[in-house]
Every structure is written in C-alpha cells, then in structure tokens.
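Below is protein_9.txt, holding compact mmCIF, C-alpha atoms.
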```txt
# COMPACT_ATOMS: atom_id res chain seq x y z
CA MET A 18 24.35 -6.45 14.12
CA ALA A 19 25.33 -7.95 10.77
CA GLY A 20 26.28 -11.20 12.45
CA GLN A 21 22.96 -11.32 14.24
CA MET A 22 21.14 -10.84 10.93
CA ASN A 23 23.14 -13.58 9.29
CA ASP A 24 22.14 -15.81 12.20
CA GLN A 25 18.45 -14.96 11.66
CA ALA A 26 18.69 -15.70 7.95
CA ASP A 27 20.66 -18.91 8.51
CA ARG A 28 18.14 -20.11 11.06
CA LEU A 29 15.21 -19.44 8.71
CA ILE A 30 16.98 -21.18 5.82
CA ALA A 31 17.64 -24.19 8.06
CA ASP A 32 13.99 -24.23 9.20
CA LEU A 33 12.63 -23.99 5.67
CA ALA A 34 15.01 -26.69 4.41
CA ALA A 35 13.93 -28.95 7.30
CA ASP A 36 10.29 -28.30 6.36
CA LEU A 37 10.88 -29.16 2.69
CA ARG A 38 8.64 -31.81 1.17
CA PRO A 39 8.52 -32.85 -2.47
CA ILE A 40 5.72 -31.02 -4.27
CA HIS A 41 3.87 -31.41 -7.55
CA ARG A 42 4.75 -28.71 -10.01
CA LEU A 43 1.82 -26.85 -11.46
CA ALA A 44 0.91 -27.85 -15.00
CA PRO A 45 1.49 -25.12 -17.63
CA PRO A 46 -1.02 -22.26 -17.18
CA MET A 47 -2.65 -22.69 -20.61
CA TRP A 48 -3.31 -26.33 -19.85
CA ARG A 49 -4.87 -25.47 -16.48
CA ALA A 50 -6.94 -22.70 -18.05
CA GLY A 51 -8.17 -25.29 -20.56
CA ILE A 52 -9.27 -27.59 -17.73
CA TRP A 53 -11.22 -24.80 -16.11
CA ILE A 54 -12.87 -23.76 -19.38
CA VAL A 55 -13.98 -27.37 -19.93
CA LEU A 56 -15.36 -27.32 -16.38
CA ALA A 57 -17.26 -24.11 -17.16
CA ALA A 58 -18.75 -25.77 -20.24
CA ALA A 59 -19.71 -28.80 -18.13
CA VAL A 60 -21.40 -26.67 -15.46
CA ASN A 61 -23.36 -24.80 -18.14
CA THR A 62 -24.38 -28.07 -19.78
CA ALA A 63 -25.54 -29.35 -16.39
CA ALA A 64 -27.54 -26.15 -15.92
CA VAL A 65 -29.21 -26.63 -19.31
CA ILE A 66 -30.07 -30.23 -18.41
CA MET A 67 -31.45 -29.21 -14.99
CA HIS A 68 -33.46 -26.47 -16.66
CA GLY A 69 -35.02 -29.04 -18.97
CA GLY A 70 -33.37 -27.91 -22.18
CA VAL A 71 -32.43 -24.64 -23.83
CA ARG A 72 -34.93 -21.86 -24.45
CA SER A 73 -37.44 -22.70 -27.13
CA ASP A 74 -36.54 -19.82 -29.44
CA LEU A 75 -32.79 -20.54 -29.50
CA MET A 76 -32.56 -21.64 -33.12
CA PRO A 77 -34.19 -18.58 -34.70
CA LEU A 78 -32.33 -16.35 -32.24
CA LEU A 79 -28.98 -17.70 -33.34
CA GLN A 80 -29.77 -16.26 -36.75
CA THR A 81 -30.02 -12.75 -35.31
CA MET A 82 -26.98 -10.57 -35.12
CA SER A 83 -27.68 -9.18 -31.65
CA TYR A 84 -28.15 -12.56 -29.94
CA SER A 85 -25.31 -14.37 -31.65
CA SER A 86 -22.88 -11.51 -31.05
CA LEU A 87 -23.82 -11.40 -27.37
CA LEU A 88 -23.33 -15.15 -27.05
CA ALA A 89 -19.98 -14.98 -28.85
CA ALA A 90 -18.90 -12.03 -26.68
CA THR A 91 -19.60 -13.83 -23.40
CA ILE A 92 -17.81 -16.98 -24.55
CA LEU A 93 -14.83 -14.96 -25.81
CA THR A 94 -14.65 -12.96 -22.55
CA GLY A 95 -14.88 -16.14 -20.48
CA ILE A 96 -12.08 -17.86 -22.38
CA LEU A 97 -9.73 -14.88 -22.62
CA SER A 98 -10.10 -13.92 -18.97
CA ALA A 99 -9.58 -17.54 -17.90
CA LEU A 100 -6.30 -17.61 -19.85
CA ALA A 101 -5.33 -14.27 -18.27
CA VAL A 102 -6.11 -15.49 -14.73
CA PHE A 103 -3.96 -18.58 -15.05
CA MET A 104 -1.10 -16.61 -16.61
CA ILE A 105 -0.94 -13.69 -14.16
CA SER A 106 -1.31 -15.92 -11.11
CA ILE A 107 2.14 -17.40 -11.86
CA PRO A 108 5.19 -15.36 -10.79
CA GLY A 109 7.45 -14.48 -13.69
CA ARG A 110 4.67 -14.21 -16.27
CA SER A 111 4.02 -10.76 -17.65
CA ARG A 112 1.33 -8.78 -15.89
CA TYR A 113 0.19 -7.50 -19.30
CA TRP A 114 -1.66 -10.79 -19.73
CA ALA A 115 -4.30 -9.04 -17.64
CA ALA A 116 -5.24 -6.99 -20.73
CA LEU A 117 -6.03 -10.11 -22.79
CA PRO A 118 -9.81 -10.15 -22.10
CA LEU A 119 -10.26 -6.52 -23.23
CA PRO A 120 -11.54 -7.34 -26.76
CA GLY A 121 -14.09 -9.73 -25.28
CA VAL A 122 -15.21 -7.22 -22.66
CA VAL A 123 -15.60 -4.44 -25.22
CA LEU A 124 -17.65 -6.72 -27.47
CA TRP A 125 -19.76 -7.91 -24.50
CA PHE A 126 -20.52 -4.39 -23.30
CA ALA A 127 -21.32 -3.30 -26.85
CA ALA A 128 -23.63 -6.25 -27.47
CA ALA A 129 -25.32 -5.96 -24.07
CA GLY A 130 -25.65 -2.21 -24.47
CA TYR A 131 -27.16 -2.70 -27.93
CA GLY A 132 -29.63 -5.18 -26.43
CA CYS A 133 -30.63 -2.73 -23.69
CA PHE A 134 -31.00 0.03 -26.27
CA ASN A 135 -33.22 -2.21 -28.43
CA ASP A 136 -35.41 -3.09 -25.46
CA TRP A 137 -35.70 0.57 -24.65
CA VAL A 138 -36.69 1.50 -28.19
CA ARG A 139 -39.18 -1.37 -28.27
CA MET A 140 -40.71 -1.05 -24.82
CA GLY A 141 -39.66 2.30 -23.39
CA PRO A 142 -37.99 2.58 -19.97
CA THR A 143 -39.79 -0.53 -18.71
CA GLY A 144 -37.59 -2.54 -21.11
CA LEU A 145 -34.65 -1.94 -18.81
CA GLN A 146 -36.27 -3.40 -15.73
CA MET A 147 -35.16 -6.80 -14.64
CA GLY A 148 -37.97 -9.30 -14.84
CA HIS A 149 -37.81 -12.87 -13.52
CA SER A 150 -35.16 -11.61 -11.09
CA VAL A 151 -35.33 -14.30 -8.46
CA ASP A 152 -35.34 -17.12 -10.99
CA CYS A 153 -32.48 -15.55 -12.96
CA PHE A 154 -30.53 -14.89 -9.82
CA SER A 155 -30.71 -18.47 -8.63
CA TRP A 156 -29.41 -19.68 -12.01
CA ILE A 157 -26.58 -17.14 -11.86
CA VAL A 158 -25.61 -18.43 -8.42
CA ALA A 159 -25.94 -22.06 -9.49
CA ILE A 160 -23.46 -21.51 -12.32
CA SER A 161 -21.11 -18.95 -10.73
CA LEU A 162 -20.67 -20.44 -7.31
CA PRO A 163 -19.12 -23.81 -8.25
CA LEU A 164 -17.02 -22.16 -10.98
CA SER A 165 -15.64 -19.46 -8.71
CA LEU A 166 -14.92 -21.91 -5.86
CA VAL A 167 -12.96 -24.22 -8.16
CA LEU A 168 -11.10 -21.26 -9.64
CA TYR A 169 -10.26 -19.94 -6.16
CA PHE A 170 -8.84 -23.34 -5.29
CA MET A 171 -6.85 -23.53 -8.53
CA VAL A 172 -5.20 -20.10 -8.32
CA ARG A 173 -5.04 -19.56 -4.57
CA HIS A 174 -1.22 -19.28 -4.76
CA ALA A 175 -1.81 -15.91 -6.47
CA ALA A 176 -2.53 -14.54 -2.99
CA TRP A 177 1.23 -14.28 -2.58
CA ILE A 178 1.75 -12.12 -5.63
CA ARG A 179 -1.25 -10.59 -7.43
CA PRO A 180 -4.43 -11.10 -5.38
CA GLY A 181 -6.38 -8.11 -6.74
CA PRO A 182 -6.02 -8.64 -10.50
CA THR A 183 -6.48 -12.39 -10.07
CA LEU A 184 -9.75 -11.84 -8.21
CA ILE A 185 -11.07 -9.34 -10.76
CA LEU A 186 -10.17 -11.45 -13.81
CA GLY A 187 -11.44 -14.63 -12.15
CA MET A 188 -14.80 -13.02 -11.41
CA LEU A 189 -14.92 -11.63 -14.95
CA SER A 190 -14.41 -15.09 -16.39
CA THR A 191 -17.01 -16.61 -14.07
CA ALA A 192 -19.46 -13.81 -14.87
CA ALA A 193 -18.97 -14.25 -18.61
CA PHE A 194 -19.58 -18.01 -18.49
CA ALA A 195 -22.63 -17.48 -16.25
CA ALA A 196 -23.92 -15.01 -18.84
CA THR A 197 -23.37 -17.59 -21.58
CA GLY A 198 -25.39 -20.15 -19.62
CA LEU A 199 -28.16 -17.71 -18.76
CA SER A 200 -28.55 -16.58 -22.35
CA LEU A 201 -29.13 -20.21 -23.35
CA LEU A 202 -31.84 -20.60 -20.69
CA HIS A 203 -33.62 -17.29 -20.35
CA ASP A 204 -35.53 -15.09 -22.68
CA LEU A 205 -34.05 -11.97 -21.14
CA ASP A 206 -30.62 -10.59 -21.62
CA THR A 207 -29.24 -10.92 -18.11
CA SER A 208 -25.86 -9.34 -18.86
CA LEU A 209 -26.63 -6.22 -16.86
CA MET A 210 -27.75 -8.19 -13.81
CA ILE A 211 -24.76 -10.50 -14.04
CA MET A 212 -22.32 -7.60 -14.37
CA VAL A 213 -23.91 -5.84 -11.40
CA TRP A 214 -23.81 -8.91 -9.15
CA HIS A 215 -20.31 -10.01 -10.06
CA GLY A 216 -19.02 -6.44 -9.91
CA GLY A 217 -20.62 -6.20 -6.47
CA ALA A 218 -18.97 -9.46 -5.42
CA ILE A 219 -15.57 -8.16 -6.57
CA ILE A 220 -16.04 -4.94 -4.57
CA VAL A 221 -17.15 -6.82 -1.45
CA LEU A 222 -14.26 -9.31 -1.64
CA LEU A 223 -11.66 -6.63 -2.33
CA GLY A 224 -13.12 -4.55 0.50
CA LEU A 225 -12.92 -7.50 2.90
CA SER A 226 -9.35 -8.14 1.90
CA LEU A 227 -8.43 -4.45 2.36
CA LEU A 228 -10.01 -4.58 5.81
CA GLY A 229 -7.55 -7.32 6.65
CA VAL A 230 -9.73 -10.42 6.28
CA PRO A 231 -7.11 -12.97 5.23
CA LEU A 232 -9.13 -14.08 2.21
CA PHE A 233 -6.52 -13.28 -0.38
CA LYS A 234 -3.57 -12.65 1.85
CA PRO A 235 -0.78 -15.05 2.57
CA ARG A 236 -1.09 -16.08 6.18
CA ASN A 237 2.31 -17.25 7.27
CA LEU A 238 4.20 -14.01 6.91
CA SER A 239 5.83 -12.40 9.89
CA ASN A 240 3.95 -9.45 11.52
CA MET B 14 27.90 -24.85 -2.33
CA ALA B 15 25.85 -22.83 -4.79
CA ALA B 16 27.16 -19.81 -6.57
CA ASN B 17 25.83 -16.49 -5.33
CA VAL B 18 24.39 -14.18 -7.92
CA PRO B 19 27.39 -11.95 -8.72
CA GLU B 20 26.87 -8.27 -8.16
CA GLN B 21 28.21 -6.62 -11.28
CA ASN B 22 30.33 -9.17 -13.02
CA ALA B 23 30.09 -10.02 -16.66
CA SER B 24 26.55 -10.88 -17.66
CA ASP B 25 27.65 -14.43 -18.59
CA ASP B 26 28.57 -15.07 -14.95
CA VAL B 27 25.24 -13.70 -13.79
CA SER B 28 23.19 -15.85 -16.13
CA ALA B 29 25.31 -18.92 -15.31
CA ALA B 30 24.62 -18.31 -11.61
CA TRP B 31 20.88 -18.02 -12.26
CA VAL B 32 20.89 -21.23 -14.28
CA GLU B 33 22.59 -23.00 -11.39
CA LEU B 34 20.08 -21.59 -8.90
CA ALA B 35 17.22 -22.68 -11.16
CA THR B 36 18.62 -26.22 -11.16
CA LEU B 37 18.75 -26.10 -7.36
CA LEU B 38 15.10 -25.04 -7.17
CA ALA B 39 14.11 -27.84 -9.53
CA LEU B 40 15.92 -30.28 -7.20
CA ALA B 41 14.26 -28.68 -4.18
CA GLN B 42 10.85 -29.19 -5.79
CA ASN B 43 11.67 -32.90 -5.70
CA GLY B 44 12.50 -32.68 -2.00
CA ASP B 45 16.30 -32.18 -2.03
CA ARG B 46 16.93 -30.26 1.21
CA ALA B 47 20.62 -29.58 0.64
CA ALA B 48 19.86 -28.09 -2.78
CA TYR B 49 17.13 -25.98 -1.23
CA ALA B 50 19.39 -24.60 1.52
CA ALA B 51 22.04 -23.87 -1.14
CA LEU B 52 19.44 -22.09 -3.29
CA LEU B 53 18.29 -19.84 -0.44
CA GLN B 54 21.88 -19.10 0.62
CA GLY B 55 22.67 -18.26 -3.00
CA LEU B 56 19.67 -15.91 -3.26
CA LEU B 57 20.36 -14.21 0.09
CA PRO B 58 22.87 -11.53 -1.05
CA TYR B 59 20.85 -10.80 -4.20
CA LEU B 60 17.61 -10.35 -2.24
CA ARG B 61 19.36 -8.18 0.35
CA ARG B 62 20.66 -5.92 -2.42
CA LEU B 63 17.21 -5.78 -4.01
CA ALA B 64 15.50 -4.90 -0.72
CA ALA B 65 18.17 -2.40 0.32
CA ARG B 66 17.44 -0.35 -2.81
CA ARG B 67 14.01 0.54 -1.43
CA LEU B 68 14.41 0.12 2.33
CA SER B 69 16.87 2.07 4.43
CA ARG B 70 16.86 0.32 7.82
CA PRO B 71 18.92 -2.90 7.86
CA GLN B 72 16.33 -4.63 10.05
CA ASP B 73 13.58 -3.84 7.51
CA VAL B 74 15.77 -5.26 4.74
CA GLU B 75 16.33 -8.42 6.75
CA ASP B 76 12.66 -8.86 7.67
CA THR B 77 11.70 -8.39 4.03
CA VAL B 78 14.23 -10.97 2.86
CA GLN B 79 12.72 -13.41 5.35
CA ASP B 80 9.22 -12.65 4.02
CA ILE B 81 10.49 -13.32 0.50
CA PHE B 82 11.92 -16.66 1.63
CA LEU B 83 8.59 -17.63 3.21
CA SER B 84 6.77 -16.70 0.00
CA ILE B 85 9.20 -18.69 -2.13
CA HIS B 86 8.67 -21.63 0.19
CA ALA B 87 4.88 -21.37 0.02
CA ILE B 88 4.60 -21.19 -3.76
CA ARG B 89 7.69 -23.10 -4.88
CA HIS B 90 5.39 -25.42 -6.85
CA THR B 91 4.56 -22.54 -9.24
CA TYR B 92 8.10 -22.47 -10.67
CA ASP B 93 8.45 -24.08 -14.07
CA PRO B 94 12.08 -25.27 -14.49
CA SER B 95 11.87 -24.70 -18.24
CA ARG B 96 11.58 -20.97 -17.62
CA PRO B 97 14.15 -18.48 -16.26
CA LEU B 98 14.29 -18.20 -12.47
CA GLN B 99 15.10 -14.52 -12.09
CA PRO B 100 11.71 -13.07 -13.21
CA TRP B 101 9.98 -15.57 -10.92
CA VAL B 102 12.07 -14.48 -7.94
CA ASN B 103 11.77 -10.80 -8.83
CA VAL B 104 7.96 -10.77 -8.84
CA ILE B 105 7.83 -12.39 -5.40
CA ALA B 106 10.53 -10.07 -4.05
CA GLU B 107 8.83 -6.95 -5.42
CA ARG B 108 5.54 -7.92 -3.78
CA ARG B 109 7.12 -8.43 -0.35
CA ILE B 110 9.16 -5.21 -0.62
CA ALA B 111 5.99 -3.33 -1.57
CA ASP B 112 4.16 -4.89 1.39
CA ARG B 113 6.93 -3.78 3.75
CA LEU B 114 6.95 -0.24 2.35
CA ARG B 115 3.18 -0.02 2.73
CA ARG B 116 3.45 -1.17 6.34
CA LEU B 117 6.19 1.37 7.03
CA TYR B 118 4.17 4.21 5.46
CA ARG B 119 1.19 3.24 7.60
CA LEU B 120 3.34 3.28 10.73
CA ARG B 121 4.86 6.60 9.76
CA ALA B 122 1.41 8.10 9.24
CA ARG B 123 0.41 7.10 12.77
CA GLU B 124 3.63 8.08 14.53
CA ALA B 125 5.09 11.61 14.70
CA PRO B 126 8.81 12.05 15.24
CA LEU B 127 9.72 13.55 18.65
CA PRO B 128 10.65 17.25 18.23
CA GLU B 129 14.08 18.38 19.37
CA ASP B 130 12.65 20.42 22.26
CA ALA B 131 10.51 17.50 23.40
CA GLY B 132 11.98 17.81 26.91
CA GLU B 133 10.23 21.16 27.39
CA THR B 134 7.08 20.91 25.31
CA PHE B 135 4.76 17.96 25.00
CA ALA B 136 2.48 17.42 22.04
CA ALA B 137 -0.42 16.44 24.30
CA ASP B 138 -2.44 19.45 25.43
CA ASP B 139 -3.04 18.12 28.92
CA ALA B 140 0.64 17.79 29.66
CA ASN B 141 1.19 21.47 28.96
CA MET B 142 -2.02 22.72 30.53
CA THR B 143 -1.58 21.19 34.00
CA THR B 144 1.93 22.46 34.47
CA GLU B 145 1.28 25.95 33.17
CA VAL B 146 -2.02 26.40 34.97
CA THR B 147 -0.43 25.29 38.27
CA LEU B 148 2.43 27.71 37.81
CA ASP B 149 0.05 30.54 36.92
CA MET B 150 -2.17 29.89 39.93
CA ARG B 151 0.80 30.00 42.26
CA ALA B 152 1.93 33.30 40.77
CA VAL B 153 -1.61 34.72 41.00
CA HIS B 154 -1.87 33.78 44.69
CA ARG B 155 1.47 35.38 45.38
CA ALA B 156 0.38 38.54 43.58
CA ILE B 157 -2.96 38.69 45.44
CA GLU B 158 -1.12 38.57 48.72
CA GLN B 159 0.81 41.67 47.72
CA LEU B 160 -2.38 43.74 47.13
CA PRO B 161 -3.62 46.29 49.69
CA PRO B 162 -6.23 44.73 52.06
CA GLY B 163 -9.29 46.40 50.45
CA GLN B 164 -8.38 45.27 46.95
CA ARG B 165 -7.38 41.80 48.22
CA GLN B 166 -10.78 41.36 49.85
CA ALA B 167 -12.64 42.62 46.76
CA ILE B 168 -10.83 40.30 44.38
CA ALA B 169 -11.20 37.34 46.77
CA LEU B 170 -14.96 37.82 46.96
CA VAL B 171 -15.74 38.70 43.34
CA LYS B 172 -13.13 36.87 41.24
CA VAL B 173 -12.12 33.94 43.47
CA GLN B 174 -15.40 33.12 45.27
CA GLY B 175 -17.48 34.33 42.33
CA LEU B 176 -19.93 36.56 44.29
CA SER B 177 -21.88 39.28 42.45
CA LEU B 178 -20.99 42.93 43.05
CA ARG B 179 -24.15 43.34 45.18
CA GLU B 180 -23.37 40.32 47.37
CA ALA B 181 -19.78 41.47 47.82
CA ALA B 182 -21.00 44.96 48.72
CA ALA B 183 -23.39 43.56 51.31
CA ARG B 184 -20.62 41.37 52.77
CA THR B 185 -18.12 44.26 53.14
CA GLY B 186 -20.57 47.02 53.96
CA GLN B 187 -19.32 49.04 50.99
CA SER B 188 -21.26 50.41 48.08
CA GLU B 189 -21.38 48.42 44.86
CA GLY B 190 -19.47 51.18 43.12
CA ALA B 191 -16.70 51.03 45.70
CA VAL B 192 -16.38 47.24 45.32
CA LYS B 193 -16.36 47.56 41.56
CA LEU B 194 -13.60 50.15 41.77
CA SER B 195 -11.57 47.97 44.16
CA VAL B 196 -11.88 44.98 41.83
CA HIS B 197 -10.89 47.11 38.86
CA ARG B 198 -7.84 48.46 40.64
CA ALA B 199 -6.93 45.00 41.94
CA VAL B 200 -7.08 43.48 38.45
CA LYS B 201 -4.93 46.31 37.12
CA ALA B 202 -2.45 45.84 39.96
CA LEU B 203 -2.38 42.05 39.46
CA ARG B 204 -1.75 42.53 35.75
CA ASN B 205 1.22 44.73 36.61
CA LEU B 206 2.52 42.33 39.26
CA LEU B 207 2.16 39.24 37.05
CA GLY B 208 3.62 41.02 34.06
CA LYS B 209 6.63 41.97 36.16
CA GLU B 210 7.02 38.39 37.34
CA GLU B 211 6.97 37.08 33.78
CA THR B 212 9.61 39.58 32.75
CA GLU B 213 11.73 38.60 35.71
CA ALA B 214 11.31 34.94 34.81
CA ASP B 215 12.28 35.64 31.21
CA GLY B 216 15.27 37.61 32.44
CA ARG B 217 16.45 34.71 34.55
CA GLU B 218 16.50 32.29 31.60
```

Whole structure, structure tokens version:
Amino acid sequence: MAGQMNDQADRLIADLAADLRPIHRLAPPMWRAGIWIVLAAAVNTAAVIMHGGVRSDLMPLLQTMSYSSLLAATILTGILSALAVFMISIPGRSRYWAALPLPGVVLWFAAAGYGCFNDWVRMGPTGLQMGHSVDCFSWIVAISLPLSLVLYFMVRHAAWIRPGPTLILGMLSTAAFAATGLSLLHDLDTSLMIMVWHGGAIIVLLGLSLLGVPLFKPRNLSN
Amino acid sequence: MAANVPEQNASDDVSAAWVELATLLALAQNGDRAAYAALLQGLLPYLRRLAARRLSRPQDVEDTVQDIFLSIHAIRHTYDPSRPLQPWVNVIAERRIADRLRRLYRLRAREAPLPEDAGETFAADDANMTTEVTLDMRAVHRAIEQLPPGQRQAIALVKVQGLSLREAAARTGQSEGAVKLSVHRAVKALRNLLGKEETEADGRE
C-alpha cells in the first residue's frame, strides 16, 4: 500500500518535472495593482472623451461637500479594493488584506446614502427612482466590462486559492471605478444602480461557480 | 538531493530546509527540472503530514497531496523568491485539503453506512415488502385450507374474490347473515391459525 502510494507520487513528480517550462514570475502585487488602476483611469478618460466631455455642472459641484465626498469615496474604494485583490490573489499573503477597502466602502455608502436622502427630502419618493436608466446602464457596462475582463485575466491564478474573495473584491473595485466615471458624466448619482448591478453580477457568478461551472475553479485537478 | 522539511527538529534546521526548498523553486521557475523534482520530493513528507492531520484514509491523503502538487505546478509563477516559501505552500495545501474534506462530506451525506444486520433487512422498502408479502400470502393460503368447508368458501368468495355479501349469498344459496357469520368466523379462525404459525416461527429461531 505505502509502496504503491510512493509510486503514484513519484510518477506524478516525474510527470510534472517533465512538463516544466520556464515561466515569468508575477511582478509584485502593488505594482500590478498600480497598472490596473492606471488602466481604470484610462478607461474612464476614454468614456469622458466618448461622452463628449464631463457634465457641464462639474466645477460648481466639486465645491459641494456631498458631490466631492462621493467622488472621493468611489476613487478610494476603487484603489483600496484593487490593492486588496492583487494582494489576496497571491498565496502566502495575509487574507486580512481583504478588509483594506472597508474605509472606502463605508464612506461610499454614507455619501451615496446621504445623496439618496437629499433627493428624497427634495423630491419625495420619486427622487429615489432611477431616471435615464438605459443610458446610464450602457455607460456602466462600457466602463465595467473591459475593466473586469482585464482584471479576471490578471488574477485568474486566484482560482486555485481564493476565488470567492477575489471575485467580490474585483467586482467592488470595478464597480467603484465605474461609479467614479458615471459621476463625471451623469447628473444623477448612479451609486445605487451600480451597486445593485455589480452585486447582482457577483451573486450570479458565485452561483454559477457553486453550481460547478468551472469559471473560477482550477480545471486540471483529479476527480 | 534536497533536504526534506524535518518533522520536529530544532527550528534552525526547519528554516534552513525551507530556505533550500525556496531556492529550488526559484530554480524551477527558470526551468530547472532536477531542482523541481527535488523540491517536490522534499515537500512530499511535509504535505503528507499536513494532509494526514485532517484526513484519515491514506488514499485521501495521497490524492490530496497530488492535488497540492498540481496546484503548485499551475501557479508556480506566483511565488516571489524574496518571500518565505512556507506560507505560500501552506495556503495552497490548506485549499486543497479543504476541497477534499468538502468532497468527502458531500459523499458521506449521500451514502449511508450499511447496518450490521444488513443481511436480513434492506433499507429499500420494496426489498422488504416483496419477501414479506410473499411469505404472508403463502401462510394465509395454508391457513385457509385448514378452515371448515363452509368458512373456506365464504372467505374465498368475499375476501379473496371480493364479492359483496349479497352476491356471495346468491352464489351459495345461503342467507346474507349466514355468509356474514361464516366470514366472521373464518377471519377469527385465520387470525388464530396465523398467530399460531408466527409463534411457532419465532420459537424455531
């Protein structure tokens, strides 16, 4: 029995050694996170250019506490969760990195909640309805889709160790940067819509992966 | 040949072994096959010990170690030689051990262990029903044959063929009351006969 097991292990070791090819080591996670954050900024800039410039009332808005804090919160959340994604997707790095975006998220929820509350006070329940939905939604997709695809490609090795947290933090970062872009383009605070759609995407993807769709699962394992 | 990770030696030995293994992985990242084989051989006893802490069956331990090797192989580019190797290996190993445990729990939830008296009783209802019903029917037939002719005829018409009391009365030329009485007596007699048989069967065991 023991001999047979040693044979199995020896055979696998020989196979893996025979399969060995030189590989490129991953760059340090902070460096890679930086690349992705620059990419997020580039995608948002492209969106602004395609939109034909930022919203007309941006300058006065930046003077207001509610708008500037919301903008700062989305940028902070995007950056912190990007750093967290690239850290936790590497084996041997502490899983507590996953808590890094918390301050950003708290600030974002507070600012978005304050915005919703203001709308409600100003306009009554109709203030909470989502106007311009289709237009907003297409901008959300235009920003989120390329960002999330690139991120998936960059941290796909996390499938072997922490697929769930990587997915959630990756979507959080994408959502936050999409919210940053949208708040530069649109006269509505789209945080709620963005949170709903990205939260929905996380649930769908996690559900698929729990159902056994090999989206975030390593494929080569035995059984 | 690479040093294995010592089991419980002085911590200096352990960390020296890990440093050596880390060097081997760095070489393997550059394509050095001999270093890679030495690394995996060096990790083998450590990973077996780690897996055996959570898994009881030797085959599960071995399968898990192989899963860990495949994972290491797939994401060997994520190791940064400037950092310690052990935490890197541990995270991968923990994930594969957890996967294996989850798979085993799922299997266990679907499979029930065979009871000790499995030779006599089957969990499936059908298996029990067919045998017992057949045995009962044979005993009932035997008992019916022992009844007096009038009662035998009454029970055959009313309980076996399922005729109503009136139909049975017409068939035998008796009154309904007489048939009813015959059936009643026959059932009572059968109950006695079958009860006796069961007791005899119990006595034989």

Only residues of chain A matter here; which ones have an atom within 12 Å of chain B, counting only C-alpha atoms? Give them as a VMD selection string.
chain A and resid 18 to 46 103 to 112 171 to 180 234 to 240

What is the CA of Met212 in chain A to CA of Tyr113 in chain A distance in Å?
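One can read the CA of Met212 in chain A to CA of Tyr113 in chain A distance as 23.0 Å.
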
Enter the distance from CA of Thr94 in chain A to CA of Trp48 in chain A, in Å, rounded to one decimal.
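CA of Trp48 in chain A lies 17.7 Å from CA of Thr94 in chain A.
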
Pick out the residues sitting within 8 Å of Leu201 in chain A, and hand them over as a list in words; count only C-alpha atoms, and ignore anything fewer than 5 positions along from it in its own chain.
Val65, Val71, Arg72 and Leu75 of chain A

Between CA of Ser85 in chain A and CA of Ser200 in chain A, what distance in Å does the model show, to one decimal?
10.1 Å
